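Read the structure below first, then the notes.
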Amino acid sequence: MFKGLLITQKDKPQLSQVVDINEDQLPEGDVLVDVHYSTLNYKDGLAITGKAPVVRSFPMVPGIDLVGQVNHCYSTAFNQGDWVLLNGFGVGEAHWGGLAEKAKLKSDWLIPLPKGIDPKQAMMIGTAGYTAMLSVLALEKQDVTPDLGEILVTGANGGVGSFAIRLLHRLGYRVVASTGRMEQTDYLTFLGANEIIDRATLSEPGKPLQKERWAGVIDCVGSHTLANACASTKYGGVVISCGLAQGMDFPASVAPFILRGVRLIGIDSVMRPKADRIEAWQRLSELLTVQDYDAISTEIELDDVVETAYKLLDGKVRGRVLVKIKN
């Protein structure tokens, strides 16, 4: 038996609680992992609270991230005791995830823990930091260099936004952070933001074309914010879409794309090929320092996850939430 957060739905509303789980209940997989740390992401919050239909089957252990040691591998992919890392692949949605002391997974979903990052740090980064790194890499691969101008980061106080600011700052970009929590200005400045603007300047309906400002954008918000970001991106600029905190809709015009050659690129972190994952995690290990992790993350216990999930969706959580699983 081991402890895990289990979501059940015999009646509505669904129930999310920490319970004892028998190992025989675990889904199919060729690697049994002893989980040391997981995280609480926005998607996990939606799953746990039931505020969006994230969970595809019940019962479900949420948690789209995990790091741990291989307890047993039924293939030759890993050895017992190997440290492994997982982000995405529908784990925590369609397959039991990381918010439990054990997980059974497919070896193809796992990568070795990168050198230079310890297990706790890996989950301080988690999907949020990994997504931020994929977004920054996309800007680099589209030749958006620091000398071209300002980079806008929306949803700046969230996990992806926080890491995006830090990474961009480390690479020499001038960063403008958009947030609905202007009281967090000191935090965003510490991360490396050169300017902080109120999200209200971007979150309402705007003109199809606006004054050119951004060389690049990392948008974690979607909806009108993404539309306005595109409308105010410079000729030939690049907009990275990686989140939907404001909404999944995109009430925009084709004008920025056909009149200014703006490029809109989506970032999928869930089904990303293994080579891309390894590249992103390697860059993270090179760019982040010990001081970054504590600044961006907060640690909680498994028993605190449900309460914290509601706070996360209410916008009362800053940065990353690390969940300690193994004591």
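Identifiers in this document derive from the order of the structure tokens: chains are assigned A, B, ..., residues are numbered from 1 separately in each chain, and ligands are numbered from 1 in order of occurrence.
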
Considering only C-alpha atoms, return as a VMD selection string whatever protein or nucleic-acid residues lie within 9 Å of range 273-276 of chain A, sequence-local ones (same chain, fewer than 5 positions apart) excluded.
chain A and resid 108 to 111 134 281

When you look at Tyr42 in chain A with a cut-off of 8 Å (counting only C-alpha atoms), what residues show up, excluding the ones that are within fewer than 2 positions of it in the same chain? I need them as a ChimeraX atom specification.
/A:40,44-46,312-313

Keeping C-alpha atoms for every residue in the selection just given, could you write it to a file as a short mmCIF file (atom, residue, chain, number, x, y, z; two decimals), in the first residue's frame?
```
data_model
loop_
_atom_site.label_atom_id
_atom_site.label_comp_id
_atom_site.auth_asym_id
_atom_site.auth_seq_id
_atom_site.Cartn_x
_atom_site.Cartn_y
_atom_site.Cartn_z
CA LEU A 40 0.96 21.35 -8.78
CA ASP A 44 -3.55 19.77 -12.11
CA GLY A 45 -5.58 22.45 -10.36
CA LEU A 46 -8.34 22.13 -12.95
CA LEU A 312 -3.90 28.38 -7.55
CA LEU A 313 -7.04 28.76 -9.66
#
```

Contacts of range 137-141 of chain A at 8 Å or less, counting only C-alpha atoms, minus same-chain residues fewer than 3 places along, as a list in words?
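Near range 137-141 of chain A, the qualifying residues are Met133, Leu134, Val144, Thr145, Gly216, Val238, Ile240, Ile265 and Ala280 of chain A.
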
So that I have them on file, write out the residues from the current selection with N, CA and C atoms, as a compact mmCIF listing (two decimals), in the first residue's frame.
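Result file result_0.txt:
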```txt
# COMPACT_ATOMS: atom_id res chain seq x y z
N MET A 133 11.28 27.03 -21.21
CA MET A 133 12.51 26.81 -21.96
C MET A 133 12.20 26.47 -23.42
N LEU A 134 11.18 25.66 -23.66
CA LEU A 134 10.78 25.36 -25.04
C LEU A 134 10.38 26.65 -25.77
N VAL A 144 15.20 35.41 -33.13
CA VAL A 144 14.85 36.59 -32.33
C VAL A 144 15.97 36.78 -31.30
N THR A 145 16.85 37.70 -31.59
CA THR A 145 18.03 37.94 -30.76
C THR A 145 17.80 39.17 -29.87
N GLY A 216 9.40 40.03 -29.80
CA GLY A 216 8.92 38.68 -29.53
C GLY A 216 7.99 38.69 -28.35
N VAL A 238 7.98 37.48 -33.63
CA VAL A 238 7.52 36.12 -33.33
C VAL A 238 6.73 36.10 -32.03
N ILE A 240 4.97 33.53 -29.33
CA ILE A 240 4.91 32.15 -28.85
C ILE A 240 3.67 31.99 -27.97
N ILE A 265 3.61 30.91 -33.15
CA ILE A 265 4.10 29.54 -32.95
C ILE A 265 3.51 28.98 -31.65
N ALA A 280 15.87 20.77 -24.04
CA ALA A 280 15.34 21.80 -23.14
C ALA A 280 15.88 21.64 -21.72
```

Just checking: using only C-alpha atoms, which residue out of A:Leu288, A:Val91, A:Asp11, A:Leu209 ends up closest to Leu168 in chain A?
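Smallest separation from Leu168 in chain A among the options: A:Leu288.
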
If you take only C-alpha atoms and a cut-off of 12 Å, which residues of range 209-306 of chain A touch range 2-5 of chain A, and what are their nearest atom pairs and distances in Å to one decimal, in chain and number order, as JSON lines?
```
{"residue": "A:Glu301", "atom": "CA", "partner": "A:Leu5", "partner_atom": "CA", "distance": 11.3}
{"residue": "A:Leu302", "atom": "CA", "partner": "A:Leu5", "partner_atom": "CA", "distance": 7.5}
{"residue": "A:Asp303", "atom": "CA", "partner": "A:Leu5", "partner_atom": "CA", "distance": 8.3}
{"residue": "A:Asp304", "atom": "CA", "partner": "A:Leu5", "partner_atom": "CA", "distance": 10.4}
{"residue": "A:Val305", "atom": "CA", "partner": "A:Leu5", "partner_atom": "CA", "distance": 8.4}
{"residue": "A:Val306", "atom": "CA", "partner": "A:Leu5", "partner_atom": "CA", "distance": 8.7}
```

Keeping only N, CA, C and O atoms, take the residues you just selected and write them out as a short mmCIF file (atom, residue, chain, number, x, y, z; two decimals), in the first residue's frame.
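File produced: result_1.cif:
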```
data_model
loop_
_atom_site.label_atom_id
_atom_site.label_comp_id
_atom_site.auth_asym_id
_atom_site.auth_seq_id
_atom_site.Cartn_x
_atom_site.Cartn_y
_atom_site.Cartn_z
N GLU A 301 3.30 19.72 1.12
CA GLU A 301 3.17 18.28 1.29
C GLU A 301 1.97 17.77 0.49
O GLU A 301 1.11 18.55 0.06
N LEU A 302 1.92 16.47 0.29
CA LEU A 302 0.82 15.85 -0.45
C LEU A 302 -0.54 16.21 0.16
O LEU A 302 -1.51 16.47 -0.55
N ASP A 303 -0.60 16.26 1.49
CA ASP A 303 -1.87 16.56 2.17
C ASP A 303 -2.35 17.99 1.93
O ASP A 303 -3.51 18.31 2.19
N ASP A 304 -1.46 18.87 1.45
CA ASP A 304 -1.82 20.27 1.22
C ASP A 304 -2.28 20.55 -0.21
O ASP A 304 -2.68 21.67 -0.53
N VAL A 305 -2.23 19.54 -1.08
CA VAL A 305 -2.42 19.77 -2.51
C VAL A 305 -3.82 20.27 -2.85
O VAL A 305 -3.99 21.22 -3.63
N VAL A 306 -4.85 19.63 -2.30
CA VAL A 306 -6.22 19.99 -2.68
C VAL A 306 -6.52 21.44 -2.32
O VAL A 306 -7.03 22.22 -3.15
#
```

For range 25-35 of chain A, please output as a PDB file with N, CA, C and O atoms, in the first residue's frame all residues within 9 Å (counting only C-alpha atoms; exclusion window: fewer than 5 positions along the same chain).
```pdb
ATOM      1  N   LEU A  66       6.678  14.376 -12.512  1.00  0.00           N
ATOM      2  CA  LEU A  66       7.220  13.602 -11.397  1.00  0.00           C
ATOM      3  C   LEU A  66       8.712  13.373 -11.609  1.00  0.00           C
ATOM      4  O   LEU A  66       9.214  13.391 -12.728  1.00  0.00           O
ATOM      5  N   VAL A  67       9.396  13.171 -10.498  1.00  0.00           N
ATOM      6  CA  VAL A  67      10.781  12.716 -10.528  1.00  0.00           C
ATOM      7  C   VAL A  67      10.914  11.649  -9.455  1.00  0.00           C
ATOM      8  O   VAL A  67      10.307  11.741  -8.384  1.00  0.00           O
ATOM      9  N   GLY A  68      11.676  10.600  -9.765  1.00  0.00           N
ATOM     10  CA  GLY A  68      11.838   9.534  -8.781  1.00  0.00           C
ATOM     11  C   GLY A  68      12.869   8.525  -9.234  1.00  0.00           C
ATOM     12  O   GLY A  68      13.571   8.709 -10.242  1.00  0.00           O
ATOM     13  N   GLN A  69      12.957   7.441  -8.472  1.00  0.00           N
ATOM     14  CA  GLN A  69      13.915   6.374  -8.763  1.00  0.00           C
ATOM     15  C   GLN A  69      13.191   5.138  -9.271  1.00  0.00           C
ATOM     16  O   GLN A  69      12.096   4.801  -8.786  1.00  0.00           O
ATOM     17  N   VAL A  70      13.804   4.487 -10.224  1.00  0.00           N
ATOM     18  CA  VAL A  70      13.231   3.263 -10.786  1.00  0.00           C
ATOM     19  C   VAL A  70      13.252   2.176  -9.718  1.00  0.00           C
ATOM     20  O   VAL A  70      14.308   1.816  -9.187  1.00  0.00           O
ATOM     21  N   ASN A  71      12.067   1.664  -9.391  1.00  0.00           N
ATOM     22  CA  ASN A  71      11.939   0.542  -8.459  1.00  0.00           C
ATOM     23  C   ASN A  71      12.124  -0.765  -9.209  1.00  0.00           C
ATOM     24  O   ASN A  71      12.817  -1.669  -8.764  1.00  0.00           O
ATOM     25  N   HIS A  72      11.511  -0.824 -10.395  1.00  0.00           N
ATOM     26  CA  HIS A  72      11.635  -2.025 -11.236  1.00  0.00           C
ATOM     27  C   HIS A  72      11.347  -1.621 -12.681  1.00  0.00           C
ATOM     28  O   HIS A  72      10.436  -0.847 -12.950  1.00  0.00           O
ATOM     29  N   CYS A  73      12.135  -2.138 -13.600  1.00  0.00           N
ATOM     30  CA  CYS A  73      11.923  -1.899 -15.025  1.00  0.00           C
ATOM     31  C   CYS A  73      11.752  -3.238 -15.718  1.00  0.00           C
ATOM     32  O   CYS A  73      12.608  -4.125 -15.597  1.00  0.00           O
ATOM     33  N   TYR A  74      10.635  -3.389 -16.418  1.00  0.00           N
ATOM     34  CA  TYR A  74      10.314  -4.638 -17.087  1.00  0.00           C
ATOM     35  C   TYR A  74      10.910  -4.701 -18.497  1.00  0.00           C
ATOM     36  O   TYR A  74      10.668  -5.651 -19.235  1.00  0.00           O
ATOM     37  N   SER A  75      11.682  -3.665 -18.865  1.00  0.00           N
ATOM     38  CA  SER A  75      12.395  -3.656 -20.135  1.00  0.00           C
ATOM     39  C   SER A  75      13.866  -3.347 -19.844  1.00  0.00           C
ATOM     40  O   SER A  75      14.282  -3.313 -18.690  1.00  0.00           O
ATOM     41  N   ALA A  77      15.255  -0.474 -20.673  1.00  0.00           N
ATOM     42  CA  ALA A  77      15.405   0.983 -20.814  1.00  0.00           C
ATOM     43  C   ALA A  77      16.119   1.614 -19.623  1.00  0.00           C
ATOM     44  O   ALA A  77      16.913   2.542 -19.787  1.00  0.00           O
ATOM     45  N   PHE A  78      15.833   1.112 -18.414  1.00  0.00           N
ATOM     46  CA  PHE A  78      16.416   1.692 -17.202  1.00  0.00           C
ATOM     47  C   PHE A  78      16.813   0.590 -16.237  1.00  0.00           C
ATOM     48  O   PHE A  78      16.315  -0.546 -16.316  1.00  0.00           O
ATOM     49  N   VAL A  84      14.780   9.233 -12.797  1.00  0.00           N
ATOM     50  CA  VAL A  84      14.071   9.537 -14.039  1.00  0.00           C
ATOM     51  C   VAL A  84      13.109  10.696 -13.824  1.00  0.00           C
ATOM     52  O   VAL A  84      12.684  11.000 -12.707  1.00  0.00           O
ATOM     53  N   HIS A  95      -3.726   8.731 -17.647  1.00  0.00           N
ATOM     54  CA  HIS A  95      -2.898   7.705 -17.009  1.00  0.00           C
ATOM     55  C   HIS A  95      -2.487   8.232 -15.644  1.00  0.00           C
ATOM     56  O   HIS A  95      -2.135   9.406 -15.519  1.00  0.00           O
ATOM     57  N   TRP A  96      -2.494   7.402 -14.631  1.00  0.00           N
ATOM     58  CA  TRP A  96      -2.207   7.856 -13.270  1.00  0.00           C
ATOM     59  C   TRP A  96      -0.863   8.575 -13.197  1.00  0.00           C
ATOM     60  O   TRP A  96       0.132   8.118 -13.764  1.00  0.00           O
ATOM     61  N   GLY A  98       1.751  11.776 -10.995  1.00  0.00           N
ATOM     62  CA  GLY A  98       2.838  11.892 -10.033  1.00  0.00           C
ATOM     63  C   GLY A  98       2.472  12.219  -8.607  1.00  0.00           C
ATOM     64  O   GLY A  98       3.345  12.211  -7.736  1.00  0.00           O
ATOM     65  N   LEU A  99       1.202  12.510  -8.315  1.00  0.00           N
ATOM     66  CA  LEU A  99       0.828  12.886  -6.957  1.00  0.00           C
ATOM     67  C   LEU A  99       0.489  11.656  -6.117  1.00  0.00           C
ATOM     68  O   LEU A  99      -0.581  11.532  -5.525  1.00  0.00           O
ATOM     69  N   ALA A 100       1.444  10.739  -6.100  1.00  0.00           N
ATOM     70  CA  ALA A 100       1.352   9.512  -5.308  1.00  0.00           C
ATOM     71  C   ALA A 100       2.770   8.983  -5.084  1.00  0.00           C
ATOM     72  O   ALA A 100       3.703   9.368  -5.802  1.00  0.00           O
ATOM     73  N   GLU A 101       2.917   8.091  -4.114  1.00  0.00           N
ATOM     74  CA  GLU A 101       4.258   7.600  -3.770  1.00  0.00           C
ATOM     75  C   GLU A 101       4.817   6.634  -4.803  1.00  0.00           C
ATOM     76  O   GLU A 101       6.027   6.396  -4.830  1.00  0.00           O
ATOM     77  N   LYS A 102       3.951   6.070  -5.642  1.00  0.00           N
ATOM     78  CA  LYS A 102       4.407   5.169  -6.702  1.00  0.00           C
ATOM     79  C   LYS A 102       3.676   5.493  -7.999  1.00  0.00           C
ATOM     80  O   LYS A 102       2.523   5.954  -7.984  1.00  0.00           O
ATOM     81  N   ALA A 103       4.347   5.238  -9.115  1.00  0.00           N
ATOM     82  CA  ALA A 103       3.735   5.412 -10.432  1.00  0.00           C
ATOM     83  C   ALA A 103       4.251   4.322 -11.359  1.00  0.00           C
ATOM     84  O   ALA A 103       5.428   3.953 -11.303  1.00  0.00           O
ATOM     85  N   LYS A 104       3.386   3.790 -12.187  1.00  0.00           N
ATOM     86  CA  LYS A 104       3.789   2.817 -13.209  1.00  0.00           C
ATOM     87  C   LYS A 104       3.586   3.481 -14.563  1.00  0.00           C
ATOM     88  O   LYS A 104       2.479   3.925 -14.904  1.00  0.00           O
ATOM     89  N   LEU A 105       4.667   3.545 -15.345  1.00  0.00           N
ATOM     90  CA  LEU A 105       4.693   4.369 -16.547  1.00  0.00           C
ATOM     91  C   LEU A 105       5.337   3.638 -17.712  1.00  0.00           C
ATOM     92  O   LEU A 105       6.003   2.621 -17.517  1.00  0.00           O
ATOM     93  N   LYS A 106       5.184   4.195 -18.904  1.00  0.00           N
ATOM     94  CA  LYS A 106       5.872   3.673 -20.075  1.00  0.00           C
ATOM     95  C   LYS A 106       7.282   4.248 -20.130  1.00  0.00           C
ATOM     96  O   LYS A 106       7.476   5.455 -19.938  1.00  0.00           O
ATOM     97  N   SER A 107       8.261   3.419 -20.405  1.00  0.00           N
ATOM     98  CA  SER A 107       9.654   3.872 -20.423  1.00  0.00           C
ATOM     99  C   SER A 107       9.894   4.956 -21.473  1.00  0.00           C
ATOM    100  O   SER A 107      10.757   5.819 -21.297  1.00  0.00           O
ATOM    101  N   ILE A 325       6.740  14.278  -2.025  1.00  0.00           N
ATOM    102  CA  ILE A 325       5.985  13.035  -1.953  1.00  0.00           C
ATOM    103  C   ILE A 325       6.627  12.053  -0.973  1.00  0.00           C
ATOM    104  O   ILE A 325       5.960  11.487  -0.111  1.00  0.00           O
ATOM    105  N   LYS A 326       7.927  11.834  -1.091  1.00  0.00           N
ATOM    106  CA  LYS A 326       8.617  10.840  -0.276  1.00  0.00           C
ATOM    107  C   LYS A 326       9.323  11.527   0.883  1.00  0.00           C
ATOM    108  O   LYS A 326      10.158  12.406   0.691  1.00  0.00           O
TER     109      LYS A 326
END
```

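Near Met1 in chain A, within 8 Å and counting only C-alpha atoms, sit Asp20, Ile21, Asn22 and Glu23 of chain A, not including residues fewer than 4 positions from it in the same chain.
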
Output file for the selection above: C-alpha atoms, as a PDB file, in the first residue's frame:
```
ATOM      1  CA  ASP A  20      -4.136   4.449   0.664  1.00  0.00           C
ATOM      2  CA  ILE A  21      -3.729   2.767  -2.728  1.00  0.00           C
ATOM      3  CA  ASN A  22      -2.824  -0.844  -3.435  1.00  0.00           C
ATOM      4  CA  GLU A  23       0.017  -1.360  -5.915  1.00  0.00           C
TER       5      GLU A  23
END
```

Skipping near chain neighbours, those fewer than 3 positions away, what residues fall within 12 Å of range 113-118 of chain A using only C-alpha atoms, listed as number ranges by chain?
A: 36-37, 66-70, 78, 81-87, 110, 121-126, 277-290, 293

How would the residues just chosen look if you wrote them out with C-alpha atoms as an mmCIF file, in the first residue's frame?
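Result file is again_5.cif:
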```cif
data_model
loop_
_atom_site.group_PDB
_atom_site.id
_atom_site.type_symbol
_atom_site.label_atom_id
_atom_site.label_comp_id
_atom_site.auth_asym_id
_atom_site.auth_seq_id
_atom_site.Cartn_x
_atom_site.Cartn_y
_atom_site.Cartn_z
ATOM 1 C CA HIS A 36 10.102 11.609 -4.628
ATOM 2 C CA TYR A 37 8.651 14.903 -5.875
ATOM 3 C CA LEU A 66 7.220 13.602 -11.397
ATOM 4 C CA VAL A 67 10.781 12.716 -10.528
ATOM 5 C CA GLY A 68 11.838 9.534 -8.781
ATOM 6 C CA GLN A 69 13.915 6.374 -8.763
ATOM 7 C CA VAL A 70 13.231 3.263 -10.786
ATOM 8 C CA PHE A 78 16.416 1.692 -17.202
ATOM 9 C CA GLY A 81 17.867 2.983 -8.818
ATOM 10 C CA ASP A 82 18.082 5.216 -11.912
ATOM 11 C CA TRP A 83 16.721 8.725 -11.427
ATOM 12 C CA VAL A 84 14.071 9.537 -14.039
ATOM 13 C CA LEU A 85 11.937 12.511 -14.941
ATOM 14 C CA LEU A 86 8.513 12.832 -16.582
ATOM 15 C CA ASN A 87 6.492 15.727 -17.999
ATOM 16 C CA LEU A 110 10.785 9.027 -19.202
ATOM 17 C CA GLN A 121 15.287 21.161 -8.413
ATOM 18 C CA ALA A 122 13.834 19.182 -11.332
ATOM 19 C CA MET A 123 10.347 19.528 -9.889
ATOM 20 C CA MET A 124 10.913 23.131 -8.882
ATOM 21 C CA ILE A 125 11.288 23.568 -12.637
ATOM 22 C CA GLY A 126 8.652 21.013 -13.680
ATOM 23 C CA ARG A 277 12.884 17.309 -24.036
ATOM 24 C CA ILE A 278 16.526 16.434 -23.512
ATOM 25 C CA GLU A 279 17.630 19.634 -25.268
ATOM 26 C CA ALA A 280 15.337 21.800 -23.137
ATOM 27 C CA TRP A 281 16.376 20.194 -19.859
ATOM 28 C CA GLN A 282 20.043 20.456 -20.775
ATOM 29 C CA ARG A 283 19.672 24.195 -21.412
ATOM 30 C CA LEU A 284 17.807 24.589 -18.127
ATOM 31 C CA SER A 285 20.685 22.927 -16.275
ATOM 32 C CA GLU A 286 23.092 25.419 -17.898
ATOM 33 C CA LEU A 287 21.070 28.609 -17.387
ATOM 34 C CA LEU A 288 19.556 28.242 -13.910
ATOM 35 C CA THR A 289 21.442 28.685 -10.648
ATOM 36 C CA VAL A 290 20.729 27.515 -7.105
ATOM 37 C CA TYR A 293 14.834 27.649 -7.617
#
```

Between A:Ala164, A:Ala227, A:Leu6, A:Ala309, which residue has the minimum interatomic distance to Glu93 in chain A, considering only C-alpha atoms?
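Ranked by minimum distance to Glu93 in chain A, first place goes to A:Leu6.
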
Extract, using only C-alpha atoms, all DNA, RNA and protein residues at most 10 Å from range 194-206 of chain A, discarding same-chain residues fewer than 3 positions from it, and format them as a short mmCIF file (atom, residue, chain, number, x, y, z; two decimals) with N, CA, C and O atoms, in the first residue's frame.
```cif
data_model
loop_
_atom_site.label_atom_id
_atom_site.label_comp_id
_atom_site.auth_asym_id
_atom_site.auth_seq_id
_atom_site.Cartn_x
_atom_site.Cartn_y
_atom_site.Cartn_z
N GLU A 150 12.36 44.51 -27.42
CA GLU A 150 11.74 44.01 -26.19
C GLU A 150 10.98 42.70 -26.43
O GLU A 150 10.37 42.49 -27.48
N LEU A 152 7.87 40.58 -24.71
CA LEU A 152 6.73 40.64 -23.79
C LEU A 152 6.47 39.25 -23.22
O LEU A 152 6.42 38.27 -23.97
N VAL A 153 6.30 39.16 -21.90
CA VAL A 153 5.89 37.92 -21.24
C VAL A 153 4.57 38.19 -20.52
O VAL A 153 4.51 39.04 -19.63
N THR A 154 3.52 37.49 -20.91
CA THR A 154 2.22 37.67 -20.25
C THR A 154 2.01 36.57 -19.21
O THR A 154 2.65 35.52 -19.25
N GLY A 155 1.09 36.83 -18.27
CA GLY A 155 0.91 35.88 -17.18
C GLY A 155 2.18 35.74 -16.38
O GLY A 155 2.57 34.64 -15.97
N ALA A 156 2.83 36.87 -16.12
CA ALA A 156 4.21 36.87 -15.64
C ALA A 156 4.39 36.26 -14.26
O ALA A 156 5.48 35.75 -13.95
N ILE A 165 10.78 34.79 -17.79
CA ILE A 165 11.47 36.06 -17.48
C ILE A 165 12.91 35.79 -17.05
O ILE A 165 13.84 36.43 -17.54
N HIS A 169 16.14 36.91 -19.24
CA HIS A 169 17.09 37.84 -18.59
C HIS A 169 18.51 37.29 -18.64
O HIS A 169 19.46 38.01 -18.97
N TYR A 173 18.07 39.40 -22.94
CA TYR A 173 16.94 40.08 -23.53
C TYR A 173 16.39 41.17 -22.59
O TYR A 173 16.52 41.06 -21.37
N ARG A 174 15.77 42.18 -23.17
CA ARG A 174 15.03 43.17 -22.39
C ARG A 174 13.59 42.67 -22.29
O ARG A 174 12.91 42.48 -23.32
N VAL A 175 13.11 42.47 -21.06
CA VAL A 175 11.83 41.80 -20.83
C VAL A 175 10.81 42.77 -20.25
O VAL A 175 11.09 43.50 -19.29
N VAL A 176 9.60 42.77 -20.82
CA VAL A 176 8.47 43.50 -20.28
C VAL A 176 7.46 42.47 -19.78
O VAL A 176 7.03 41.59 -20.53
N ALA A 177 7.13 42.55 -18.49
CA ALA A 177 6.24 41.56 -17.86
C ALA A 177 4.84 42.14 -17.72
O ALA A 177 4.66 43.24 -17.19
N SER A 178 3.84 41.39 -18.17
CA SER A 178 2.44 41.77 -18.02
C SER A 178 1.81 40.94 -16.90
O SER A 178 1.89 39.71 -16.92
N THR A 179 1.17 41.61 -15.93
CA THR A 179 0.61 40.91 -14.78
C THR A 179 -0.65 41.60 -14.28
O THR A 179 -0.81 42.80 -14.45
N GLY A 180 -1.50 40.83 -13.66
CA GLY A 180 -2.67 41.39 -12.98
C GLY A 180 -2.41 41.65 -11.52
O GLY A 180 -3.30 42.10 -10.79
N ARG A 181 -1.19 41.34 -11.10
CA ARG A 181 -0.82 41.55 -9.67
C ARG A 181 0.35 42.53 -9.61
O ARG A 181 1.49 42.14 -9.43
N MET A 182 0.04 43.80 -9.74
CA MET A 182 1.07 44.82 -9.76
C MET A 182 1.81 44.93 -8.42
O MET A 182 2.91 45.46 -8.36
N GLN A 184 3.24 42.62 -7.11
CA GLN A 184 4.37 41.71 -7.23
C GLN A 184 5.51 42.29 -8.08
O GLN A 184 6.37 41.56 -8.56
N THR A 185 5.52 43.59 -8.22
CA THR A 185 6.54 44.25 -9.05
C THR A 185 7.95 43.91 -8.59
O THR A 185 8.84 43.64 -9.41
N ASP A 186 8.19 43.90 -7.28
CA ASP A 186 9.54 43.61 -6.77
C ASP A 186 9.99 42.20 -7.16
O ASP A 186 11.15 41.98 -7.52
N LEU A 188 8.95 40.42 -9.80
CA LEU A 188 9.19 40.36 -11.25
C LEU A 188 10.48 41.08 -11.62
O LEU A 188 11.21 40.65 -12.51
N THR A 189 10.76 42.17 -10.92
CA THR A 189 12.02 42.88 -11.16
C THR A 189 13.20 42.01 -10.75
O THR A 189 14.23 41.96 -11.45
N PHE A 190 13.06 41.31 -9.63
CA PHE A 190 14.11 40.39 -9.18
C PHE A 190 14.37 39.31 -10.22
O PHE A 190 15.53 38.93 -10.48
N LEU A 191 13.32 38.81 -10.85
CA LEU A 191 13.48 37.77 -11.86
C LEU A 191 14.21 38.28 -13.10
O LEU A 191 14.82 37.49 -13.82
N LEU A 209 -4.57 46.10 -35.75
CA LEU A 209 -3.17 46.49 -35.83
C LEU A 209 -2.94 47.65 -34.86
O LEU A 209 -3.71 48.61 -34.83
N GLN A 210 -1.88 47.53 -34.06
CA GLN A 210 -1.55 48.54 -33.07
C GLN A 210 -0.09 48.96 -33.24
O GLN A 210 0.64 48.41 -34.07
N VAL A 221 -1.42 33.32 -21.74
CA VAL A 221 -2.75 33.77 -21.36
C VAL A 221 -3.82 33.47 -22.39
O VAL A 221 -4.93 33.06 -22.07
N GLY A 222 -3.53 33.69 -23.68
CA GLY A 222 -4.52 33.45 -24.71
C GLY A 222 -5.54 34.57 -24.83
O GLY A 222 -5.35 35.68 -24.33
N SER A 223 -6.65 34.31 -25.52
CA SER A 223 -7.79 35.20 -25.67
C SER A 223 -7.37 36.58 -26.17
O SER A 223 -6.52 36.71 -27.04
N HIS A 224 -7.99 37.66 -25.64
CA HIS A 224 -7.72 39.02 -26.10
C HIS A 224 -6.26 39.41 -25.87
O HIS A 224 -5.70 40.19 -26.66
N THR A 225 -5.64 38.87 -24.81
CA THR A 225 -4.24 39.21 -24.54
C THR A 225 -3.35 38.77 -25.68
O THR A 225 -2.49 39.52 -26.15
N LEU A 226 -3.55 37.54 -26.15
CA LEU A 226 -2.76 37.04 -27.28
C LEU A 226 -3.06 37.84 -28.55
O LEU A 226 -2.14 38.18 -29.31
N ALA A 227 -4.31 38.16 -28.77
CA ALA A 227 -4.68 38.93 -29.96
C ALA A 227 -4.01 40.30 -29.95
O ALA A 227 -3.47 40.76 -30.98
N ASN A 228 -4.02 40.99 -28.81
CA ASN A 228 -3.39 42.30 -28.70
C ASN A 228 -1.88 42.21 -28.80
O ASN A 228 -1.22 43.11 -29.35
N ALA A 229 -1.31 41.14 -28.28
CA ALA A 229 0.14 40.95 -28.40
C ALA A 229 0.54 40.81 -29.86
O ALA A 229 1.52 41.41 -30.32
N ALA A 231 -1.11 41.99 -32.40
CA ALA A 231 -1.39 43.25 -33.07
C ALA A 231 -0.31 44.30 -32.82
O ALA A 231 -0.19 45.25 -33.60
N SER A 232 0.46 44.14 -31.75
CA SER A 232 1.49 45.13 -31.42
C SER A 232 2.91 44.58 -31.56
O SER A 232 3.86 45.18 -31.06
N GLN A 246 -6.38 33.17 -19.68
CA GLN A 246 -7.54 34.03 -19.91
C GLN A 246 -8.62 33.30 -20.69
O GLN A 246 -9.80 33.57 -20.51
N PRO A 251 -9.65 35.91 -30.41
CA PRO A 251 -10.44 36.89 -31.16
C PRO A 251 -9.56 37.89 -31.89
O PRO A 251 -9.46 39.07 -31.53
N ALA A 252 -8.91 37.43 -32.94
CA ALA A 252 -7.89 38.23 -33.62
C ALA A 252 -8.21 38.41 -35.10
O ALA A 252 -9.17 37.85 -35.64
#
```

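Computed from the coordinates, the CA of Gly158 in chain A to CA of Arg263 in chain A distance equals 24.1 Å.
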
Can you work out the spacing between CA of Ala128 in chain A and CA of Gly161 in chain A in Å, to one decimal?
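Atom-to-atom, CA of Ala128 in chain A and CA of Gly161 in chain A are spaced 8.2 Å apart.
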
Using backbone DSSP assignments, extract all alpha helix (DSSP H) residues from range 108-243 of chain A; output them as a VMD selection string.
chain A and resid 119 to 141 159 to 170 185 to 191 223 to 231

Quick check for you: according to DSSP on this backbone, which residues of range 56-270 of chain A are classed as strand (DSSP E or B)? Reply as a ChimeraX atom specification.
/A:60,65-73,83-87,91,95,100,102-105,111-112,151-153,158,175-179,195-198,214-219,222,233-241,247,263-266

Pick from A:Asn41, A:Val18, A:Ala132, A:Ile258: nearest to Val317 in chain A, with only C-alpha atoms counted?
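Smallest separation from Val317 in chain A among the options: A:Asn41.
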
CA of Cys220 in chain A and CA of Lys316 in chain A are how many Å apart?
16.7 Å

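Shortest separation to Gly261 in chain A among A:Ile218, A:Cys242, A:Cys230, A:Ala47 occurs at residue A:Cys230, atoms counted being only C-alpha atoms.
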